[in-house]
>>> print(open('coords.tsv').read())   # TSV, C-alpha atoms
chain	number	residue	atom	x	y	z
A	1	MET	CA	21.65	148.88	186.97
A	2	GLU	CA	20.34	149.41	190.50
A	3	GLY	CA	16.66	148.53	190.88
A	4	SER	CA	16.36	147.42	187.27
A	5	THR	CA	13.59	145.29	185.82
A	6	VAL	CA	15.27	142.31	184.18
A	7	ILE	CA	13.87	139.51	182.07
A	8	VAL	CA	16.01	136.37	182.05
A	9	ILE	CA	15.44	134.17	179.02
A	10	SER	CA	16.25	130.52	179.63
A	11	PRO	CA	16.11	127.40	177.46
A	12	GLN	CA	15.71	125.38	180.68
A	13	SER	CA	12.56	125.63	182.75
A	14	TRP	CA	12.53	126.27	186.47
A	15	GLY	CA	12.71	123.06	188.51
A	16	LYS	CA	14.63	121.27	191.21
A	17	MET	CA	17.87	121.16	189.23
A	18	LEU	CA	19.22	124.71	189.09
A	19	VAL	CA	21.94	125.75	186.65
A	20	SER	CA	23.52	129.10	185.85
A	21	LYS	CA	20.38	130.66	184.34
A	22	HIS	CA	18.41	130.04	187.52
A	23	HIS	CA	21.22	131.08	189.85
A	24	TYR	CA	21.81	134.37	188.06
A	25	ALA	CA	18.10	135.17	188.27
A	26	ILE	CA	18.14	134.45	192.01
A	27	GLU	CA	21.21	136.60	192.62
A	28	LEU	CA	19.77	139.51	190.66
A	29	ALA	CA	16.60	139.27	192.79
A	30	ARG	CA	18.70	139.19	195.97
A	31	LEU	CA	20.36	142.41	194.86
A	32	GLY	CA	17.01	144.16	194.65
A	33	HIS	CA	16.21	143.89	190.96
A	34	ARG	CA	12.77	142.91	189.75
A	35	VAL	CA	13.43	139.67	187.88
A	36	PHE	CA	11.16	137.85	185.45
A	37	PHE	CA	12.35	134.36	184.53
A	38	LEU	CA	10.92	133.32	181.17
A	39	ASN	CA	10.35	129.59	180.96
A	40	PRO	CA	10.50	127.89	177.53
A	41	PRO	CA	7.19	127.57	175.66
A	42	ASP	CA	4.86	125.09	177.36
A	43	TYR	CA	2.03	123.83	175.16
A	44	SER	CA	0.47	121.85	178.01
A	45	LEU	CA	-0.67	125.00	179.82
A	46	GLU	CA	-4.33	125.94	180.00
A	47	LYS	CA	-3.71	129.68	180.05
A	48	ARG	CA	-1.64	131.61	177.54
A	49	PHE	CA	0.27	133.45	180.28
A	50	SER	CA	0.79	132.90	183.99
A	51	LEU	CA	2.95	134.56	186.62
A	52	GLN	CA	4.00	133.24	190.02
A	53	GLU	CA	6.91	133.38	192.42
A	54	ALA	CA	9.50	130.78	191.47
A	55	PRO	CA	9.88	128.00	194.06
A	56	ASN	CA	13.02	128.73	196.11
A	57	GLY	CA	13.60	131.69	193.80
A	58	GLU	CA	13.89	134.37	196.49
A	59	GLY	CA	11.49	136.71	194.74
A	60	VAL	CA	12.10	135.70	191.13
A	61	LEU	CA	8.86	135.92	189.16
A	62	LEU	CA	8.33	132.84	187.02
A	63	VAL	CA	6.70	133.50	183.65
A	64	SER	CA	5.03	130.55	181.94
A	65	HIS	CA	3.51	130.91	178.51
A	66	LYS	CA	1.76	128.99	175.76
A	67	PRO	CA	2.39	130.54	172.34
A	68	PRO	CA	-0.52	130.30	169.88
A	69	ILE	CA	2.00	129.07	167.33
A	70	PRO	CA	2.95	125.46	166.55
A	71	TYR	CA	6.60	125.12	167.53
A	72	PHE	CA	7.48	123.09	164.43
A	73	LEU	CA	7.00	126.27	162.36
A	74	LYS	CA	10.31	127.46	163.75
A	75	PHE	CA	11.99	124.85	161.58
A	76	LYS	CA	9.51	124.62	158.68
A	77	ALA	CA	8.55	128.27	158.21
A	78	THR	CA	11.00	130.34	160.24
A	79	GLY	CA	9.81	133.73	158.98
A	80	VAL	CA	6.19	132.99	159.86
A	81	PHE	CA	7.22	131.64	163.25
A	82	HIS	CA	9.22	134.76	164.09
A	83	TYR	CA	6.46	137.11	162.97
A	84	LEU	CA	3.90	135.34	165.16
A	85	MET	CA	6.33	134.89	168.06
A	86	GLY	CA	7.09	138.61	167.95
A	87	ARG	CA	3.38	139.35	168.40
A	88	HIS	CA	3.25	136.79	171.21
A	89	VAL	CA	6.16	138.41	173.05
A	90	ARG	CA	4.59	141.85	172.73
A	91	SER	CA	1.41	140.42	174.28
A	92	LEU	CA	3.52	138.86	177.00
A	93	LEU	CA	5.16	142.19	177.83
A	94	ARG	CA	1.73	143.82	178.06
A	95	PHE	CA	0.69	141.02	180.42
A	96	LEU	CA	3.68	141.69	182.65
A	97	LYS	CA	2.85	145.42	182.83
A	98	ALA	CA	6.53	146.24	183.32
A	99	ASP	CA	9.08	148.45	181.64
A	100	ILE	CA	11.98	146.11	180.87
A	101	ASP	CA	15.38	147.70	181.51
A	102	MET	CA	17.50	144.69	180.65
A	103	VAL	CA	17.12	141.48	178.64
A	104	TRP	CA	19.53	138.78	179.77
A	105	SER	CA	19.33	135.92	177.30
A	106	PHE	CA	20.80	132.45	177.63
A	107	ASP	CA	18.77	131.29	174.62
A	108	LEU	CA	20.80	129.68	171.84
A	109	GLY	CA	17.71	128.61	169.93
A	110	ASN	CA	16.82	132.08	168.60
A	111	THR	CA	13.30	131.58	169.92
A	112	TYR	CA	13.01	135.20	171.06
A	113	PRO	CA	15.25	137.52	169.00
A	114	PHE	CA	16.35	140.64	170.87
A	115	LYS	CA	14.36	142.80	168.43
A	116	TYR	CA	11.14	141.61	170.12
A	117	PHE	CA	12.05	143.60	173.22
A	118	PRO	CA	12.07	147.38	173.86
A	119	ALA	CA	14.80	149.29	172.05
A	120	THR	CA	15.63	151.08	175.30
A	121	ALA	CA	16.47	147.85	177.12
A	122	LYS	CA	20.10	146.75	177.38
A	123	LYS	CA	20.60	143.37	175.72
A	124	ILE	CA	23.01	140.85	177.23
A	125	PHE	CA	23.75	137.64	175.36
A	126	TYR	CA	25.16	134.94	177.63
A	127	PRO	CA	25.88	131.63	175.84
A	128	VAL	CA	26.93	128.97	178.33
A	129	ASP	CA	26.79	126.13	175.82
A	130	GLU	CA	28.65	125.62	172.56
A	131	PRO	CA	26.95	127.23	169.53
A	132	LEU	CA	26.34	124.22	167.33
A	133	ASN	CA	23.97	125.50	164.63
A	134	ALA	CA	22.76	128.57	162.78
A	135	PHE	CA	20.11	129.32	165.42
A	136	ALA	CA	22.83	129.71	168.04
A	137	PHE	CA	24.58	132.40	166.02
A	138	GLN	CA	21.35	134.15	165.01
A	139	SER	CA	20.44	134.37	168.71
A	140	ALA	CA	23.24	136.88	169.26
A	141	LYS	CA	21.93	139.39	166.71
A	142	GLY	CA	20.92	142.62	168.40
A	143	ALA	CA	22.96	142.04	171.58
A	144	ASP	CA	24.79	145.00	173.11
A	145	ILE	CA	27.36	142.88	174.92
A	146	ILE	CA	28.29	139.24	175.32
A	147	PHE	CA	29.55	137.22	178.27
A	148	SER	CA	30.46	133.55	178.31
A	149	ILE	CA	32.03	130.90	180.50
A	150	THR	CA	34.63	129.83	177.93
A	151	ARG	CA	37.03	131.71	175.73
A	152	GLU	CA	36.33	129.21	172.96
A	153	ILE	CA	32.69	130.34	172.81
A	154	LEU	CA	33.65	134.02	172.83
A	155	GLU	CA	36.01	133.41	169.92
A	156	LYS	CA	33.11	132.09	167.84
A	157	TYR	CA	31.16	135.32	168.33
A	158	LYS	CA	33.97	137.71	167.42
A	159	TYR	CA	32.10	138.54	164.22
A	160	LEU	CA	29.63	140.57	166.31
A	161	ALA	CA	32.24	143.28	166.89
A	162	ILE	CA	30.68	144.09	170.28
A	163	PRO	CA	32.25	143.98	173.75
A	164	ALA	CA	32.84	140.38	174.90
A	165	TYR	CA	34.06	139.09	178.26
A	166	PHE	CA	34.96	135.80	179.92
A	167	ILE	CA	33.15	135.24	183.23
A	168	ASN	CA	33.70	131.86	184.85
A	169	HIS	CA	30.81	129.81	186.14
A	170	GLY	CA	29.38	131.08	189.40
A	171	VAL	CA	28.65	129.18	192.58
A	172	ASP	CA	25.91	129.43	195.18
A	173	PRO	CA	27.61	130.32	198.50
A	174	ARG	CA	25.84	127.40	200.17
A	175	PHE	CA	28.39	125.15	198.46
A	176	LEU	CA	31.27	126.88	200.25
A	177	LEU	CA	31.69	124.35	203.03
A	178	SER	CA	33.81	125.21	206.03
A	179	ASP	CA	34.00	121.83	207.73
A	180	ASP	CA	36.92	119.45	207.45
A	181	VAL	CA	36.76	116.61	204.94
A	182	CYS	CA	34.66	113.88	206.49
A	183	GLU	CA	36.71	110.70	206.79
A	184	THR	CA	34.47	107.86	207.99
A	185	GLY	CA	36.45	104.97	206.59
A	186	GLU	CA	34.07	104.66	203.65
A	187	VAL	CA	35.07	106.40	200.44
A	188	VAL	CA	32.11	108.15	198.84
A	189	VAL	CA	32.47	109.59	195.34
A	190	GLY	CA	29.95	112.15	194.13
A	191	LEU	CA	28.72	112.80	190.61
A	192	SER	CA	26.04	115.29	189.62
A	193	GLY	CA	24.22	116.33	186.50
A	194	ASN	CA	21.55	115.16	184.15
A	195	LEU	CA	22.04	111.40	183.67
A	196	LEU	CA	19.81	111.51	180.58
A	197	ARG	CA	22.45	113.45	178.67
A	198	PRO	CA	23.96	111.51	175.76
A	199	ASP	CA	27.46	112.95	176.23
A	200	ILE	CA	28.33	111.05	179.40
A	201	ASP	CA	31.18	108.62	178.74
A	202	ARG	CA	29.04	105.72	179.84
A	203	GLU	CA	31.48	102.93	179.09
A	204	THR	CA	34.32	104.58	181.04
A	205	LEU	CA	32.03	105.49	183.93
A	206	LEU	CA	30.71	101.94	184.30
A	207	ASP	CA	34.29	100.65	184.10
A	208	ILE	CA	35.32	102.92	186.98
A	209	ILE	CA	32.32	101.84	189.05
A	210	ASP	CA	32.92	98.13	188.43
A	211	SER	CA	36.64	98.43	189.15
A	212	ASN	CA	36.02	100.10	192.51
A	213	GLN	CA	33.45	97.94	194.26
A	214	GLN	CA	34.68	99.17	197.65
A	215	ILE	CA	33.63	102.74	196.79
A	216	ARG	CA	30.10	104.08	197.07
A	217	PHE	CA	29.09	106.27	194.13
A	218	ARG	CA	26.31	108.80	194.74
A	219	PHE	CA	24.66	110.38	191.68
A	220	TRP	CA	22.57	113.53	191.93
A	221	GLY	CA	20.52	114.51	188.90
A	222	SER	CA	17.60	113.50	186.75
A	223	TYR	CA	17.44	109.91	185.61
A	224	GLU	CA	13.69	109.65	185.04
A	225	PRO	CA	12.32	111.66	182.09
A	226	SER	CA	9.12	112.49	183.95
A	227	SER	CA	11.00	114.37	186.68
A	228	ALA	CA	13.54	116.24	184.54
A	229	ASN	CA	13.39	120.00	184.04
A	230	LEU	CA	16.59	119.83	181.95
A	231	SER	CA	16.52	118.24	178.52
A	232	GLY	CA	17.82	114.76	177.91
A	233	ASN	CA	17.51	111.66	175.78
A	234	THR	CA	15.13	108.77	176.36
A	235	ASP	CA	16.43	106.47	173.62
A	236	PRO	CA	17.10	102.78	174.37
A	237	GLY	CA	20.82	103.39	174.90
A	238	THR	CA	20.12	106.02	177.56
A	239	LEU	CA	17.50	103.91	179.32
A	240	ASN	CA	19.80	100.88	179.29
A	241	PHE	CA	22.55	103.02	180.83
A	242	ILE	CA	20.22	104.06	183.67
A	243	LYS	CA	19.25	100.43	184.24
A	244	ALA	CA	22.93	99.47	184.31
A	245	LEU	CA	23.56	102.06	187.03
A	246	GLN	CA	20.56	100.84	189.01
A	247	ARG	CA	21.91	97.28	188.93
A	248	ARG	CA	25.25	98.29	190.46
A	249	PRO	CA	25.17	97.62	194.23
A	250	ASN	CA	27.69	100.40	194.92
A	251	VAL	CA	25.66	103.08	193.10
A	252	MET	CA	23.00	105.29	194.67
A	253	LEU	CA	20.80	107.33	192.31
A	254	GLU	CA	19.52	110.28	194.35
A	255	GLY	CA	17.55	111.91	191.51
A	256	ALA	CA	16.83	115.61	191.15
A	257	VAL	CA	17.09	117.37	194.51
A	258	THR	CA	16.94	120.89	195.90
A	259	THR	CA	20.09	122.95	196.35
A	260	ASP	CA	20.01	122.45	200.12
A	261	GLU	CA	19.75	118.68	199.68
A	262	LEU	CA	22.61	118.77	197.18
A	263	VAL	CA	24.83	120.73	199.56
A	264	ASP	CA	24.08	118.26	202.34
A	265	GLY	CA	24.96	115.37	200.06
A	266	TYR	CA	28.19	116.98	198.92
A	267	SER	CA	29.26	117.47	202.54
A	268	ARG	CA	29.44	113.67	202.90
A	269	VAL	CA	31.59	113.10	199.84
A	270	SER	CA	35.29	112.18	199.77
A	271	ALA	CA	35.92	113.02	196.09
A	272	PHE	CA	34.10	113.99	192.91
A	273	LEU	CA	34.17	112.50	189.42
A	274	ILE	CA	33.38	114.13	186.07
A	275	CYS	CA	33.22	111.78	183.10
A	276	TYR	CA	32.09	113.16	179.75
A	277	ASP	CA	32.95	112.11	176.22
A	278	ILE	CA	34.49	115.28	174.79
A	279	GLU	CA	33.58	114.30	171.24
A	280	LYS	CA	29.88	114.15	172.21
A	281	ASP	CA	29.99	116.74	174.96
A	282	GLN	CA	27.83	119.83	174.33
A	283	SER	CA	30.53	121.87	176.12
A	284	LYS	CA	33.36	120.17	174.20
A	285	GLY	CA	35.29	119.73	177.43
A	286	THR	CA	35.73	123.48	177.95
A	287	ASN	CA	33.94	124.16	181.26
A	288	TYR	CA	31.18	122.77	183.48
A	289	HIS	CA	28.89	124.47	185.97
A	290	LYS	CA	29.34	121.67	188.51
A	291	ILE	CA	33.10	122.24	188.82
A	292	MET	CA	32.67	125.42	190.83
A	293	GLU	CA	30.23	123.69	193.18
A	294	PHE	CA	32.63	120.80	193.69
A	295	LEU	CA	35.49	123.21	194.33
A	296	GLY	CA	33.43	124.91	197.01
A	297	THR	CA	33.55	121.75	199.11
A	298	GLY	CA	37.34	121.58	198.86
A	299	ARG	CA	37.27	117.90	197.93
A	300	VAL	CA	39.45	116.57	195.16
A	301	ILE	CA	37.94	116.36	191.67
A	302	VAL	CA	38.94	113.75	189.07
A	303	SER	CA	37.82	114.78	185.61
A	304	ASN	CA	38.02	114.35	181.88
A	305	ASN	CA	40.01	117.10	180.18
A	306	VAL	CA	38.61	120.64	180.71
A	307	THR	CA	40.39	123.44	178.85
A	308	THR	CA	39.41	126.28	181.21
A	309	PHE	CA	41.33	124.58	184.03
A	310	ALA	CA	44.22	123.25	181.95
A	311	ASP	CA	46.74	125.38	183.83
A	312	ARG	CA	45.29	124.67	187.28
A	313	PRO	CA	46.38	121.18	188.41
A	314	ASP	CA	45.87	122.45	191.97
A	315	LEU	CA	42.13	122.59	191.27
A	316	LEU	CA	41.44	119.49	189.15
A	317	VAL	CA	43.12	116.12	188.73
A	318	MET	CA	42.56	116.00	185.03
A	319	ASN	CA	42.85	113.47	182.22
A	320	LYS	CA	45.43	114.86	179.78
A	321	SER	CA	43.98	113.54	176.54
A	322	ARG	CA	41.58	115.66	174.51
A	323	THR	CA	40.47	112.70	172.41
A	324	ASP	CA	39.64	109.88	174.82
A	325	ASN	CA	39.30	108.90	178.48
A	326	LYS	CA	41.38	105.72	178.35
A	327	ALA	CA	43.63	106.92	181.17
A	328	LEU	CA	40.79	108.18	183.36
A	329	PRO	CA	40.10	104.90	185.24
A	330	SER	CA	43.73	104.53	186.32
A	331	LEU	CA	43.94	108.25	187.16
A	332	PHE	CA	40.84	107.86	189.31
A	333	SER	CA	42.24	104.83	191.14
A	334	GLU	CA	45.57	106.57	191.79
A	335	THR	CA	43.80	109.63	193.17
A	336	ILE	CA	41.54	107.63	195.47
A	337	ALA	CA	44.57	105.71	196.73
A	338	GLY	CA	46.15	109.06	197.63
A	339	LEU	CA	43.11	110.75	199.16
A	340	GLY	CA	45.05	111.81	202.23
A	341	PHE	CA	47.41	113.77	200.01
A	342	TYR	CA	44.79	115.27	197.68
A	343	ASN	CA	42.45	116.22	200.51
A	344	ASP	CA	45.03	117.68	202.86
A	345	ALA	CA	44.15	121.01	204.48
A	346	ALA	CA	46.25	123.19	202.17
A	347	ARG	CA	44.83	121.74	198.94
A	348	VAL	CA	41.29	121.89	200.28
A	349	GLU	CA	41.77	125.56	201.12
A	350	VAL	CA	43.07	126.41	197.63
A	351	ARG	CA	39.98	124.90	196.02
A	352	ARG	CA	37.57	126.59	198.41
A	353	ASN	CA	39.22	129.97	198.02
A	354	PHE	CA	38.97	129.76	194.24
A	355	ALA	CA	35.26	128.97	194.45
A	356	ALA	CA	34.71	131.73	197.01
A	357	GLY	CA	36.11	134.19	194.48
A	358	ASN	CA	33.47	133.12	191.97
A	359	THR	CA	30.16	133.25	193.81
A	360	TYR	CA	27.18	134.45	191.77
A	361	ARG	CA	27.26	137.66	193.80
A	362	LYS	CA	30.86	138.30	192.73
A	363	GLN	CA	30.11	137.41	189.12
A	364	VAL	CA	27.15	139.79	189.03
A	365	GLU	CA	29.31	142.51	190.56
A	366	ARG	CA	31.94	141.89	187.87
A	367	ILE	CA	29.29	142.08	185.16
A	368	GLU	CA	27.76	145.24	186.63
A	369	GLY	CA	31.22	146.84	186.69
A	370	ILE	CA	31.75	145.97	183.03
A	371	LEU	CA	28.30	147.26	182.06
A	372	LYS	CA	29.02	150.60	183.76
A	373	GLN	CA	32.13	150.92	181.59
A	374	HIS	CA	30.08	150.58	178.42
A	375	PHE	CA	26.65	152.06	179.16
>>> encode(input="coords.tsv", output="structure tokens")
Amino acid sequence: MEGSTVIVISPQSWGKMLVSKHHYAIELARLGHRVFFLNPPDYSLEKRFSLQEAPNGEGVLLVSHKPPIPYFLKFKATGVFHYLMGRHVRSLLRFLKADIDMVWSFDLGNTYPFKYFPATAKKIFYPVDEPLNAFAFQSAKGADIIFSITREILEKYKYLAIPAYFINHGVDPRFLLSDDVCETGEVVVGLSGNLLRPDIDRETLLDIIDSNQQIRFRFWGSYEPSSANLSGNTDPGTLNFIKALQRRPNVMLEGAVTTDELVDGYSRVSAFLICYDIEKDQSKGTNYHKIMEFLGTGRVIVSNNVTTFADRPDLLVMNKSRTDNKALPSLFSETIAGLGFYNDAARVEVRRNFAAGNTYRKQVERIEGILKQHF
């Protein structure tokens, strides 16, 4: 696929908070491919189509578009929506003036079925979230191959009868820190992600914060709806949770930051915490993008149960239960009390080496190798 023209379809727009869709687009551009990153429909735009270099995208071309179709038709008159969206995509491709060699879709909403794109283009379907409705399964129709970050997701798409492969989350090499763990006397625990998500185990998280007043908790991620490029809730429960965090004197809300700022923040952390309610979790406790970034620092990670790492206690200190996080506060306290043990040089090196084996460059190379086997 050397020198290919690739369109990356993402349900999350380009912004400060970068997740796998954005990172894969960047890595493909670094490798010399011409990469178009298709933002979700934006009805606030003045022009129907626009094209610009993505901020910090290293050559990725950001495609913004305003479909002449009310989005609610997708749910009220699906056939009409798809007919009109197909015409819109064809107009978009004419606007780009490019022959698309590959369509790499992370879209689980079936907003742009593969049939809208040239028959000659290779179609990759890459679900990184759990398929929770009919749209998510319809999105895979027409794919030539599927990759995913959990085996549980791949199992749900077996009906496609097409090649399917597990590829773990990737990591930006900037997260591969080489310095020793910073021990300043103050324990700093890092958490990252969209704080507007409803699947955070808010009660357990606040319990951990309140039970560890001597620890400083630093949160990176959107907590104000106006600044979020990733989706999230703004219901009273969510807003009250944000206010509760803001009232805690040992909590610092850093907001959405650039990758460089995130790396700098992580370098000052003693340990990381992941605290999701598996029952509500969109990933169902199977895998998280942030884990690979945390591992790159070498610092210990305390987490709710995550199936992908169930057999790797050397990588995560994990809550055993798949149904609740009742034991997580005590597990967290025990780990912090033993930081010297968990952050010793040997354990730090194991974590960093695992992350180094899963950079986005290595993941793209793995994917390219698999594609060569099939096409």
>>> closest_atom_pairs(input="coords.tsv", of="stretch 187-278 of chain A", to="stretch 286-289 of chain A", cutoff="10 Å", atoms="all atoms listed in the file", output="JSON lines")
{"residue": "A:Gly193", "atom": "CA", "partner": "A:His289", "partner_atom": "CA", "distance": 9.4}
{"residue": "A:Ile274", "atom": "CA", "partner": "A:Tyr288", "partner_atom": "CA", "distance": 9.3}
{"residue": "A:Ile278", "atom": "CA", "partner": "A:Thr286", "partner_atom": "CA", "distance": 8.9}
>>> atom_distance(input="coords.tsv", atom1="atom CA of A:Ala136", atom2="atom CA of A:Val171")
25.2 Å
>>> residues_around(input="coords.tsv", residues="A:Leu45", least_positions_apart="3", cutoff="8 Å", atoms="all atoms listed in the file", output="list in words")
Asp42, Arg48, His65 and Lys66 of chain A
>>> residues_around(input="coords.tsv", residues="A:Arg361", least_positions_apart="3", cutoff="12 Å", atoms="only C-alpha atoms", output="VMD selection string")
chain A and resid 23 to 31 169 to 173 355 to 358 364 to 368
>>> atom_distance(input="coords.tsv", atom1="atom CA of A:Phe81", atom2="atom CA of A:Ser10")
18.7 Å
